[in-house]
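Enquirer: Here you go, one structure.
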Amino acid sequence: MDKVKEYKKANPFKLFGDHVQAIGTGIKYFVRPQRITLKYPEEALSLPSGYRGLIRLYKDVCIGCTLCAMVCPADAMKMVTQEGKKLPTINYGRCVFCGFCVDICPVDALKETGVHDAAFTNRRDLVFYPDKFNKSYDEPPTERVVKKVKAVVDEKRGIKYVPDE
Amino acid sequence: MTNRLEDVLENSGMAVDIVPVEGELNVGPQHPGSGHMRILVKLNGDIIEDVDLDVGYVHRAVEKLGENRNYMHLIPLVERPAILDSIHMNLGYVMAVEKIINVDVPERAQYLRSFAAEVNRIASHLYGLGILGIFLGHSTAFMWGFGDREVWVHILEMLTGARVTNSYIIPGGVRRDLTPAIIEETKKAITYMRKKLEDWKKIFLYNPTIRARLENVGVMTKEKAIEWGAVGPNLRASGVYYDVRKIEPYAAYPKLDFEIPVYKEGDGYARTMVRFEEVEQSLRMLEQIIKEIPEGNILSDRFFKQIPPTRLKKWWEGYRRIVLPGYYASFRPPKGEAVTRVEAARGELLYYLVSDGSAKPYRLRMVTPSYRLINVMRNLAKGSRFADLVSIYGSLDYFPPEADR
C-alpha cells in the first residue's frame, strides 16, 4: 500500500515566484507557439494505414454469405438480391465504422478505404446499393491547392504535420 | 472593516441597499460544462442551499437496447456513453462476456489491453483537466488539454483504426497488434508528455490563481467519501486507497509496477493532483508494457483456429491484424451470469451480464463512475459558494453522458 500524500500548503512568500513562473511559461509559449490547427481545405490530413474509413465492395468476390449483415451492430448493412445473387448494401446514415463487416468477410470482398470525409446532399444518397458500393468512394481533390500532410508525434512539439507523398 | 467601508460609501453618497436574495437558478439547461445536464441551484445570497441535478438529458437506454442486440453488436454500443474513455467501457463488457463463454486470453493480448487502456486514461485525464481549466477561466489549460490529448488519440488511431470509437477489444483477445511504428511513436509521445507535464505544472497546477480556486473547495472527508459512494480519483483524493487495478487486478496489471496516488485533503486541488500523478503513472506503465510485452498470439486459440488459413496468411502475417471467424456473427453463450469491474479513467466501472442461453443477453447492467458521482456532487455543492460550483463540477470530472448511459 502506498502512502497517503499531502500537498504543500501555499507559502505566501512563494506565491510571487509562482506567479512569475506561470507568466514566464506563458511567455515561452507566446514566443514559440505550438499550433496544431490544420488549414483544412488547403491542407488535408492523410490517414494512417488501417484506418477504418468508408467501405467498398468487390462484387465479383462476394459469395453472399450474409455474415456482414449479421455482425453489423447498427443494421447498416442489409442484403439485397440482384440477378439471383445476394449482395450487401450499406446505409452510411446508420454505419458506425466499427469495421466488423470487413473483418468477418470470409473472402475479403469488403475493404476499408482510407476516406472518411464524405458529404451527401440527400439522405437517399447515403444508401449504397451494390453497383455504387462496388466502386471505391475515393475521390480526393487532386488540384495542387490541396497539400497532403500526415500527423506524427514529435518529442518537442507534440503533434507535428509532415508532408505526405 | 465592512462598517468602515459602509461609512465611507454613505458619506460620499454612494450607499447601496443590500437586499438578501433567495431564489433558484438554472445552470445551463443544455451545456453547463462537459455534456448535457441542468443543475437547479437554490441560492441564499451567494451560498448554495440545495442542488438538484437534472440528469437524463442524454439518456440513451443502453441497458435496454442491450437486451435486443447480440453480444458482438453491443461492443460499439457500450462505448458510446463515454466516448472519451471507450477502451475501458469496452474492456469491462468484453471481460464479462469472456467469463460467460469461458475463454482464456493470451498474454500478449492482455498487455495490449492494458496498453490501450492506459493510453486512453491519459487522454481522458487530459480532457478532464482541460474542462476544469475552462471552468476556472483558464483557457490555456483548455487548449493544452485538448492539444496534448491529440497525441494520445493519434496513437490510438494508429493502433485501432479509429480515433475514439475504437471497438478494439473483442471476446478472446484484441483486433490488432502493436507494430514497431506505433512503439516508436509511443516512445516519442512519452518523452514529449513528461516534458510538457513540467510546463503544465508551472502554468496550471502551481499557478496561485488556480490554487486559490481549488484549495479547500468542495472538501470531502474520508468518511463522507465512503458514505456517498465516491469512486476513482475522487475517492483516492480523500485518502482512501482503492483502485480496482490493485484490489482486483485484470489484464496485465498484476505484472506491472505502478503506484496509486492517494491524497489526504479531499479538496478540489487534491483531486487535480491525483489526476496529474495518474498520468505520470500511466506513462511509467506504458514504458514497462513496451519493454516487457511477450511475443505470441493476440487472439485465443479457440477462435484463432477458426480463421481460414488464406485469410490468416494475408491479414495476420501481412498486417498483424486479426480477422473475425464466423463464430462472432451470432454466438450463443451458455447460461450464466458474470460481474466484472474495471478501473475506468473516472473510477470503478461495473458490468453485470446475464445470459439465458440465447444469442442476446437477458440483462446488461452498467454502473458507470459518473453515475456514482451524482450523489457526491449534490452533497459537495451544498453550503459552498455559487462561484465554487464550477470548481467542484470540474474537479470531480463528472461526465453527464456517462452517468445517463
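For the C-alpha cells, the naming scheme is as follows: chains receive sequential letters (A, B, ...) according to their order of presentation, residues are indexed from 1 within each chain, and ligands are indexed from 1 in presentation order.
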Going by DSSP on the backbone, which residues of stretch 95-147 of chain A come out as alpha helix (DSSP H)? List them as a tab-separated table (two decimals) with all heavy atoms, in the first residue's frame.
Expert:
```tsv
chain	number	residue	atom	x	y	z
A	100	PHE	N	-16.42	-4.30	-38.34
A	100	PHE	CA	-16.67	-5.72	-38.09
A	100	PHE	C	-16.96	-6.47	-39.40
A	100	PHE	O	-16.53	-7.60	-39.57
A	100	PHE	CB	-17.86	-5.90	-37.14
A	100	PHE	CG	-17.55	-5.65	-35.69
A	100	PHE	CD1	-18.56	-5.41	-34.78
A	100	PHE	CD2	-16.24	-5.65	-35.25
A	100	PHE	CE1	-18.27	-5.19	-33.44
A	100	PHE	CE2	-15.94	-5.43	-33.91
A	100	PHE	CZ	-16.96	-5.19	-33.01
A	101	CYS	N	-17.71	-5.81	-40.32
A	101	CYS	CA	-18.09	-6.48	-41.57
A	101	CYS	C	-16.85	-6.80	-42.40
A	101	CYS	O	-16.75	-7.87	-43.00
A	101	CYS	CB	-19.07	-5.63	-42.36
A	101	CYS	SG	-18.54	-3.92	-42.55
A	102	VAL	N	-15.88	-5.87	-42.41
A	102	VAL	CA	-14.66	-6.10	-43.17
A	102	VAL	C	-13.87	-7.26	-42.57
A	102	VAL	O	-13.33	-8.10	-43.27
A	102	VAL	CB	-13.80	-4.81	-43.19
A	102	VAL	CG1	-12.54	-5.02	-43.98
A	102	VAL	CG2	-14.60	-3.66	-43.75
A	103	ASP	N	-13.84	-7.29	-41.22
A	103	ASP	CA	-13.06	-8.33	-40.56
A	103	ASP	C	-13.71	-9.70	-40.68
A	103	ASP	O	-13.01	-10.71	-40.65
A	103	ASP	CB	-12.90	-7.97	-39.08
A	103	ASP	CG	-11.75	-7.00	-38.85
A	103	ASP	OD1	-11.16	-6.57	-39.85
A	103	ASP	OD2	-11.46	-6.68	-37.69
A	104	ILE	N	-15.02	-9.76	-40.76
A	104	ILE	CA	-15.68	-11.06	-40.72
A	104	ILE	C	-15.85	-11.68	-42.11
A	104	ILE	O	-16.03	-12.88	-42.23
A	104	ILE	CB	-17.02	-10.98	-39.97
A	104	ILE	CG1	-17.34	-12.33	-39.32
A	104	ILE	CG2	-18.16	-10.54	-40.89
A	104	ILE	CD1	-18.34	-12.26	-38.22
A	130	PRO	N	-25.49	-2.24	-54.34
A	130	PRO	CA	-24.27	-2.94	-54.77
A	130	PRO	C	-23.51	-2.28	-55.92
A	130	PRO	O	-22.29	-2.27	-55.89
A	130	PRO	CB	-24.80	-4.31	-55.16
A	130	PRO	CG	-25.94	-4.53	-54.24
A	130	PRO	CD	-26.56	-3.18	-54.03
A	131	ASP	N	-24.21	-1.71	-56.91
A	131	ASP	CA	-23.48	-1.14	-58.04
A	131	ASP	C	-22.62	0.04	-57.62
A	131	ASP	O	-21.49	0.22	-58.06
A	131	ASP	CB	-24.46	-0.73	-59.14
A	131	ASP	CG	-25.07	-1.95	-59.80
A	131	ASP	OD1	-24.34	-2.95	-59.91
A	131	ASP	OD2	-26.26	-1.90	-60.16
A	132	LYS	N	-23.20	0.89	-56.74
A	132	LYS	CA	-22.47	2.06	-56.26
A	132	LYS	C	-21.42	1.64	-55.22
A	132	LYS	O	-20.32	2.19	-55.17
A	132	LYS	CB	-23.49	3.01	-55.63
A	132	LYS	CG	-22.97	4.42	-55.42
A	132	LYS	CD	-24.11	5.28	-54.88
A	132	LYS	CE	-23.61	6.60	-54.36
A	132	LYS	NZ	-24.64	7.30	-53.60
A	133	PHE	N	-21.80	0.63	-54.44
A	133	PHE	CA	-20.95	0.11	-53.37
A	133	PHE	C	-19.71	-0.57	-53.95
A	133	PHE	O	-18.67	-0.65	-53.32
A	133	PHE	CB	-21.79	-0.88	-52.55
A	133	PHE	CG	-21.25	-1.20	-51.19
A	133	PHE	CD1	-20.31	-0.40	-50.58
A	133	PHE	CD2	-21.71	-2.32	-50.51
A	133	PHE	CE1	-19.83	-0.70	-49.32
A	133	PHE	CE2	-21.23	-2.63	-49.25
A	133	PHE	CZ	-20.29	-1.82	-48.66
```
Enquirer: Show me, as number ranges by chain, every residue of chain B with an atom at most 6 Å from chain A, counting only C-alpha atoms.
Expert: B: 73, 151, 161, 185, 188, 191-192, 202-203, 207, 262-264, 323-324, 329
Enquirer: Take the selection from the previous step and output its residues with C-alpha atoms, as a PDB file, in the first residue's frame.
Expert:
```pdb
ATOM      1  CA  HIS B  73     -23.454  -5.756 -31.534  1.00  0.00           C
ATOM      2  CA  VAL B 151      -1.074  12.969 -29.305  1.00  0.00           C
ATOM      3  CA  GLY B 161      -8.001   2.338 -36.747  1.00  0.00           C
ATOM      4  CA  GLU B 185       5.541   6.954 -31.799  1.00  0.00           C
ATOM      5  CA  LYS B 188       8.274   9.890 -28.559  1.00  0.00           C
ATOM      6  CA  THR B 191       9.161  11.876 -23.802  1.00  0.00           C
ATOM      7  CA  TYR B 192       7.009  14.740 -25.013  1.00  0.00           C
ATOM      8  CA  LYS B 202       4.135  25.697 -13.919  1.00  0.00           C
ATOM      9  CA  ILE B 203       1.240  27.266 -15.767  1.00  0.00           C
ATOM     10  CA  ASN B 207      -0.378  28.720 -10.520  1.00  0.00           C
ATOM     11  CA  VAL B 262      -3.538   8.932  -2.663  1.00  0.00           C
ATOM     12  CA  TYR B 263      -4.025  12.361  -1.155  1.00  0.00           C
ATOM     13  CA  LYS B 264      -5.321  13.258   2.264  1.00  0.00           C
ATOM     14  CA  VAL B 323      -9.896 -11.126 -38.692  1.00  0.00           C
ATOM     15  CA  LEU B 324     -13.061 -12.421 -37.150  1.00  0.00           C
ATOM     16  CA  ALA B 329     -21.623 -13.201 -36.166  1.00  0.00           C
TER      17      ALA B 329
END
```
Enquirer: Residues at most 9 Å from A:Thr89, counting only C-alpha atoms, excluding those fewer than 6 positions away in the same chain, as a PyMOL selection string?
Expert: chain A and resi 57+69+76-80+127-130+133
Enquirer: For those residues, write N, CA, C and O atoms to a file as an mmCIF file, in the first residue's frame.
Expert:
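Once everything was written out, this is result.cif:
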```cif
data_model
loop_
_atom_site.group_PDB
_atom_site.id
_atom_site.type_symbol
_atom_site.label_atom_id
_atom_site.label_comp_id
_atom_site.auth_asym_id
_atom_site.auth_seq_id
_atom_site.Cartn_x
_atom_site.Cartn_y
_atom_site.Cartn_z
ATOM 1 N N LEU A 57 -17.079 -2.495 -51.787
ATOM 2 C CA LEU A 57 -17.401 -3.901 -52.029
ATOM 3 C C LEU A 57 -16.738 -4.368 -53.324
ATOM 4 O O LEU A 57 -16.590 -3.592 -54.262
ATOM 5 N N ALA A 69 -23.943 -8.748 -42.815
ATOM 6 C CA ALA A 69 -25.219 -8.186 -42.369
ATOM 7 C C ALA A 69 -25.560 -8.672 -40.968
ATOM 8 O O ALA A 69 -26.191 -7.954 -40.197
ATOM 9 N N ALA A 76 -26.727 -1.332 -40.480
ATOM 10 C CA ALA A 76 -26.427 -0.510 -41.649
ATOM 11 C C ALA A 76 -26.318 -1.377 -42.890
ATOM 12 O O ALA A 76 -26.626 -0.950 -43.989
ATOM 13 N N MET A 77 -25.859 -2.601 -42.704
ATOM 14 C CA MET A 77 -25.654 -3.467 -43.852
ATOM 15 C C MET A 77 -26.840 -4.404 -44.003
ATOM 16 O O MET A 77 -27.259 -5.060 -43.052
ATOM 17 N N LYS A 78 -27.396 -4.422 -45.208
ATOM 18 C CA LYS A 78 -28.537 -5.297 -45.493
ATOM 19 C C LYS A 78 -28.226 -6.056 -46.780
ATOM 20 O O LYS A 78 -27.451 -5.579 -47.611
ATOM 21 N N MET A 79 -28.857 -7.208 -46.943
ATOM 22 C CA MET A 79 -28.626 -7.971 -48.160
ATOM 23 C C MET A 79 -29.745 -7.695 -49.154
ATOM 24 O O MET A 79 -30.919 -7.619 -48.782
ATOM 25 N N VAL A 80 -29.379 -7.520 -50.432
ATOM 26 C CA VAL A 80 -30.380 -7.404 -51.489
ATOM 27 C C VAL A 80 -30.085 -8.489 -52.522
ATOM 28 O O VAL A 80 -28.948 -8.932 -52.659
ATOM 29 N N VAL A 127 -27.544 5.636 -48.947
ATOM 30 C CA VAL A 127 -27.681 4.189 -49.149
ATOM 31 C C VAL A 127 -26.916 3.799 -50.407
ATOM 32 O O VAL A 127 -27.199 4.295 -51.492
ATOM 33 N N PHE A 128 -25.952 2.923 -50.254
ATOM 34 C CA PHE A 128 -25.125 2.485 -51.377
ATOM 35 C C PHE A 128 -25.593 1.105 -51.809
ATOM 36 O O PHE A 128 -25.338 0.120 -51.115
ATOM 37 N N TYR A 129 -26.270 1.053 -52.940
ATOM 38 C CA TYR A 129 -26.669 -0.246 -53.479
ATOM 39 C C TYR A 129 -25.453 -0.896 -54.135
ATOM 40 O O TYR A 129 -24.491 -0.202 -54.472
ATOM 41 N N PRO A 130 -25.491 -2.236 -54.337
ATOM 42 C CA PRO A 130 -24.271 -2.938 -54.770
ATOM 43 C C PRO A 130 -23.512 -2.285 -55.918
ATOM 44 O O PRO A 130 -22.288 -2.266 -55.894
ATOM 45 N N PHE A 133 -21.799 0.631 -54.439
ATOM 46 C CA PHE A 133 -20.951 0.113 -53.370
ATOM 47 C C PHE A 133 -19.711 -0.567 -53.952
ATOM 48 O O PHE A 133 -18.670 -0.648 -53.324
#
```
Enquirer: For B:Leu132, list every protein, DNA or RNA residue within 12 Å, evaluated using only C-alpha atoms, and leave out those in the same chain fewer than 5 positions away; present the list as a count of residues only.
Expert: 38
Enquirer: Between A:Tyr137, A:Leu87, A:Val162, A:Lys147, which one has atoms that come closest to A:Cys62, using only C-alpha atoms?
Expert: A:Leu87
Enquirer: Calculated over only C-alpha atoms, which of the candidates A:Gly64, A:Gly93, A:Phe30, A:Lys135 has the smallest distance to A:Asn122?
Expert: A:Gly93
Enquirer: Determine the nearest neighbour of B:Pro76 from the options B:Ala344, B:Val164, B:Leu156, B:Val244, counting only C-alpha atoms.
Expert: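 Once distances to B:Pro76 are computed over only C-alpha atoms, the minimum belongs to B:Val164.
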Enquirer: For B:Val27, which residue among B:Leu349, B:Tyr371, B:Ile293, B:Phe386 is the nearest when counting only C-alpha atoms?
Expert: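 The closest residue to B:Val27 is B:Phe386.
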Enquirer: Near A:Lys150, within 6 Å and counting only C-alpha atoms, which residues show up once chain neighbours fewer than 5 positions away are dropped, as number ranges by chain?
Expert: A: 45-46, 161-162, 164
Enquirer: Selected residues, N, CA and C atoms, written as a tab-separated table (two decimals), in the first residue's frame, please.
Expert:
```tsv
chain	number	residue	atom	x	y	z
A	45	LEU	N	-5.43	16.01	-44.16
A	45	LEU	CA	-4.71	15.01	-43.39
A	45	LEU	C	-4.85	13.66	-44.08
A	46	SER	N	-3.72	13.01	-44.34
A	46	SER	CA	-3.83	11.64	-44.85
A	46	SER	C	-3.81	10.71	-43.64
A	161	TYR	N	2.91	18.07	-38.30
A	161	TYR	CA	2.45	17.64	-39.62
A	161	TYR	C	3.61	17.67	-40.59
A	162	VAL	N	3.81	16.55	-41.24
A	162	VAL	CA	4.87	16.50	-42.25
A	162	VAL	C	4.22	16.20	-43.59
A	164	ASP	N	3.12	14.57	-46.90
A	164	ASP	CA	2.95	13.15	-47.22
A	164	ASP	C	2.99	13.00	-48.73
```
Enquirer: Go through B:Ala212, B:Tyr328, B:Val55, B:Trp152 and flag the residue nearest B:Ile307, using only C-alpha atoms for the distances.
Expert: B:Tyr328
Enquirer: Quick check, in Å to one decimal: how far apart do atom CA of B:Arg311 and atom CA of B:Tyr327 lie?
Expert: 15.2 Å
Enquirer: Excluding B:Arg176 and its own-chain neighbours fewer than 6 positions away, which residues fall within 7 Å of it when counting only C-alpha atoms? Please give them as a ChimeraX atom specification.
Expert: /B:159-160,320-322
